[in-house]
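The next block holds one structure in the form of structure tokens; read it before the comments.
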Amino acid sequence: MKNTTLILGCGDIGTSLGRQLVDAGHRVVGVRRNPQSLAGTGIEPLALDFTDPAGLAALPDADIVVYVASADRFDEQAYQSAYVDGLKAVLDELGGRKRKPTRVFFVSSTSVYAQKDGEIVDENAETKPRGFSGLLMRKAEQALIKHALPGTAVRFSGIYGPGRDRLIRQVREGRMAASTPPMYSNRIHRDDCVGILAHFIDMALNDKPLDDLYLASDCEPVPLHDVMAWLAKRLEVETVETIQSPLRRRSSKRCDNTRLCKTGYRFRYPTYREGYAHVLACETPPEPEKV
């Protein structure tokens, strides 16, 4: 029989993961409020608001559950609904069934960390987030870890890739982060997010041991200035404005992915250089001007 993977929140990462699993022979059910975008992917669409407990009985039984929801806006109520209330409702629904999932994966964020002086952080580092987003992500992680169902939270750092090009646009505008003090940033390519989740799913289905928490970031935390300077050189752009990084208001830390790498995962894009080279190569070249 095919393994069934249930993906709750089939956006960019969820859909890419679902396609990869379908190609590997899985049955994949993708849950979205508006699932029309899943047409032609091989993913079975299910229209459902999984933050509404009344509708959760429609969820199919599954071997693997991936909770990769996103809030529809950046405010506390939306985050509480999408990440905490929604996840708890799904866990309660699936945990009460005769056929329970082998494992539930929750996509979390490094926003749970509050370090701001370039400290190295891993899964054992202190988490005392100051903003509501990190606080609620941490609350959702704890709900999963404390639940009777086996679960793993995956803390992704800043996700970039095709269509996630804010930093590239800033550099093209001639903007550059200050070099001092160094403000460390951490990132991970979208394709590695997908690859890591697929890797963990394979481990779970093959009864390989998994921790309840992983920090998923690439292999080189680096000052934001260095990333933007590298992009400026590749794009042959001159800097006309020094900006104060928004990281100054949040954190400056260096993410250690040792626990993840020890599982055997090998990064497709181990640093920002390989990752952004891929993003730039995927860009549609501008049409030549008509004369």
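Labels for the structure tokens follow display order: chains A, B, ..., residues from 1 in each chain, ligands from 1.
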Using the chain letters and numbers from this document, which residues of region 112-146 of chain A does DSSP assign to helix (DSSP H, G or I), as a compact mmCIF listing (two decimals) with N, CA and C atoms, in the first residue's frame?
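Output file out.txt follows:
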```txt
# COMPACT_ATOMS: atom_id res chain seq x y z
N VAL A 112 11.88 32.05 17.32
CA VAL A 112 11.75 31.70 18.74
C VAL A 112 12.97 32.13 19.55
N PHE A 132 5.38 38.62 19.36
CA PHE A 132 4.29 37.65 19.44
C PHE A 132 4.50 36.47 18.50
N SER A 133 5.15 36.71 17.36
CA SER A 133 5.31 35.62 16.39
C SER A 133 6.17 34.51 16.96
N GLY A 134 7.31 34.87 17.56
CA GLY A 134 8.17 33.86 18.16
C GLY A 134 7.52 33.20 19.37
N LEU A 135 6.83 33.98 20.18
CA LEU A 135 6.16 33.42 21.35
C LEU A 135 5.12 32.37 20.95
N LEU A 136 4.35 32.67 19.91
CA LEU A 136 3.30 31.74 19.51
C LEU A 136 3.87 30.53 18.77
N MET A 137 4.94 30.72 18.02
CA MET A 137 5.61 29.57 17.40
C MET A 137 6.12 28.62 18.49
N ARG A 138 6.72 29.16 19.52
CA ARG A 138 7.23 28.34 20.61
C ARG A 138 6.08 27.62 21.32
N LYS A 139 4.96 28.31 21.49
CA LYS A 139 3.80 27.69 22.13
C LYS A 139 3.28 26.52 21.30
N ALA A 140 3.27 26.69 19.97
CA ALA A 140 2.83 25.60 19.09
C ALA A 140 3.81 24.43 19.14
N GLU A 141 5.11 24.71 19.14
CA GLU A 141 6.10 23.65 19.28
C GLU A 141 5.85 22.82 20.53
N GLN A 142 5.62 23.49 21.64
CA GLN A 142 5.41 22.80 22.90
C GLN A 142 4.14 21.96 22.88
N ALA A 143 3.11 22.46 22.20
CA ALA A 143 1.87 21.68 22.08
C ALA A 143 2.13 20.36 21.36
N LEU A 144 2.97 20.40 20.33
CA LEU A 144 3.29 19.19 19.58
C LEU A 144 4.17 18.26 20.41
N ILE A 145 5.23 18.81 21.00
CA ILE A 145 6.19 17.98 21.72
C ILE A 145 5.54 17.29 22.93
N LYS A 146 4.59 17.97 23.57
CA LYS A 146 3.93 17.40 24.75
C LYS A 146 2.77 16.47 24.40
```
Contacts of Arg268 (chain A) at 10 Å or less, counting only C-alpha atoms, minus same-chain residues fewer than 6 places along, as a PyMOL selection string? chain A and resi 189+191-192+195+218+274-275
Keeping only C-alpha atoms, write those residues as a CSV table (one decimal), in the first residue's frame.
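Full text of selection25.csv as output:
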```csv
chain,number,residue,atom,x,y,z
A,189,HIS,CA,16.9,27.9,0.3
A,191,ASP,CA,14.5,23.6,-2.1
A,192,ASP,CA,16.4,22.6,1.1
A,195,GLY,CA,14.5,18.3,0.9
A,218,ASP,CA,22.3,26.4,5.9
A,274,GLU,CA,25.2,28.5,-4.2
A,275,GLY,CA,21.6,29.4,-3.3
```
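For the pair CA of Glu44 (chain A) and CA of Ile64 (chain A), the interatomic distance is 14.8 Å.
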Can you tell me, as a ChimeraX atom specification, which residues in region 25-241 of chain A count as strand (DSSP E) by DSSP? /A:27-32,44-47,64-67,103-109,119-121,151-156,158-160,175-177,184-185,187-189,213-216,222-223,241
Please provide as number ranges by chain all residues within 7 Å of region 155-163 of chain A, with the sequence filter that same-chain residues fewer than 2 positions apart are discarded (counting only C-alpha atoms). A: 107-110, 153, 165, 186-190, 214-217, 279, 282
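Distance check against Pro182 (chain A) using only C-alpha atoms: of A:Pro150, A:Gly95, A:Pro223, A:Gly264, the minimum falls on A:Pro223.
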Please provide as a ChimeraX atom specification all residues within 8 Å of Arg19 (chain A), with the sequence filter that same-chain residues fewer than 5 positions apart are discarded (counting only C-alpha atoms). /A:41-43
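Distances to Gly86 (chain A) were evaluated for A:Val240, A:Ala114, A:Leu8, A:Val65 using only C-alpha atoms, and the minimum falls at A:Leu8.
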Residues of region 77-137 of chain A at most 8 Å from region 248-262 of chain A: nearest atom pair and distance in Å, only C-alpha atoms, as a Markdown table:
```
| residue | atom | partner | partner_atom | distance |
| --- | --- | --- | --- | --- |
| A:Tyr113 | CA | A:Ser251 | CA | 7.8 |
| A:Ala114 | CA | A:Ser251 | CA | 5.8 |
| A:Gln115 | CA | A:Ser251 | CA | 5.6 |
| A:Lys116 | CA | A:Ser252 | CA | 4.1 |
| A:Asp117 | CA | A:Ser252 | CA | 5.6 |
| A:Gly118 | CA | A:Lys253 | CA | 4.2 |
| A:Glu119 | CA | A:Lys253 | CA | 5.0 |
| A:Ile120 | CA | A:Arg254 | CA | 4.6 |
| A:Val121 | CA | A:Cys255 | CA | 5.1 |
| A:Asp122 | CA | A:Asp256 | CA | 5.2 |
```
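Taking only C-alpha atoms into account, Asp72 (chain A) lies nearest to A:Arg33 out of the set A:Arg33, A:Ile13, A:Leu48, A:Asn3.
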Could you tell me how far CA of Val171 (chain A) lies from CA of Ser185 (chain A), in Å and to one decimal?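 Straight-line distance from CA of Val171 (chain A) to CA of Ser185 (chain A) works out to 15.9 Å.
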At a cut-off of 6 Å, using only C-alpha atoms, what residues contact Pro35 (chain A)? Leave out same-chain residues fewer than 3 positions from it and give the result as a PDB file with C-alpha atoms, in the first residue's frame.
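Once everything was written out, this is result03.pdb:
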```pdb
ATOM      1  CA  ARG A  32      -6.000  24.471   1.560  1.00  0.00           C
ATOM      2  CA  LEU A  38      -3.101  21.995  -6.751  1.00  0.00           C
ATOM      3  CA  PRO A  45      -6.902  18.501  -3.024  1.00  0.00           C
ATOM      4  CA  ALA A  47     -10.803  22.263   0.637  1.00  0.00           C
TER       5      ALA A  47
END
```
Distance in Å - CA of Met183 (chain A) versus CA of Pro221 (chain A):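 Interatomic distance, CA of Met183 (chain A) to CA of Pro221 (chain A): 10.2 Å.
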Find the residues around Ala204 (chain A) up to 8 Å (only C-alpha atoms counted), leave out those fewer than 6 positions away in its own chain, and share them as a ChimeraX atom specification. /A:102-103,210
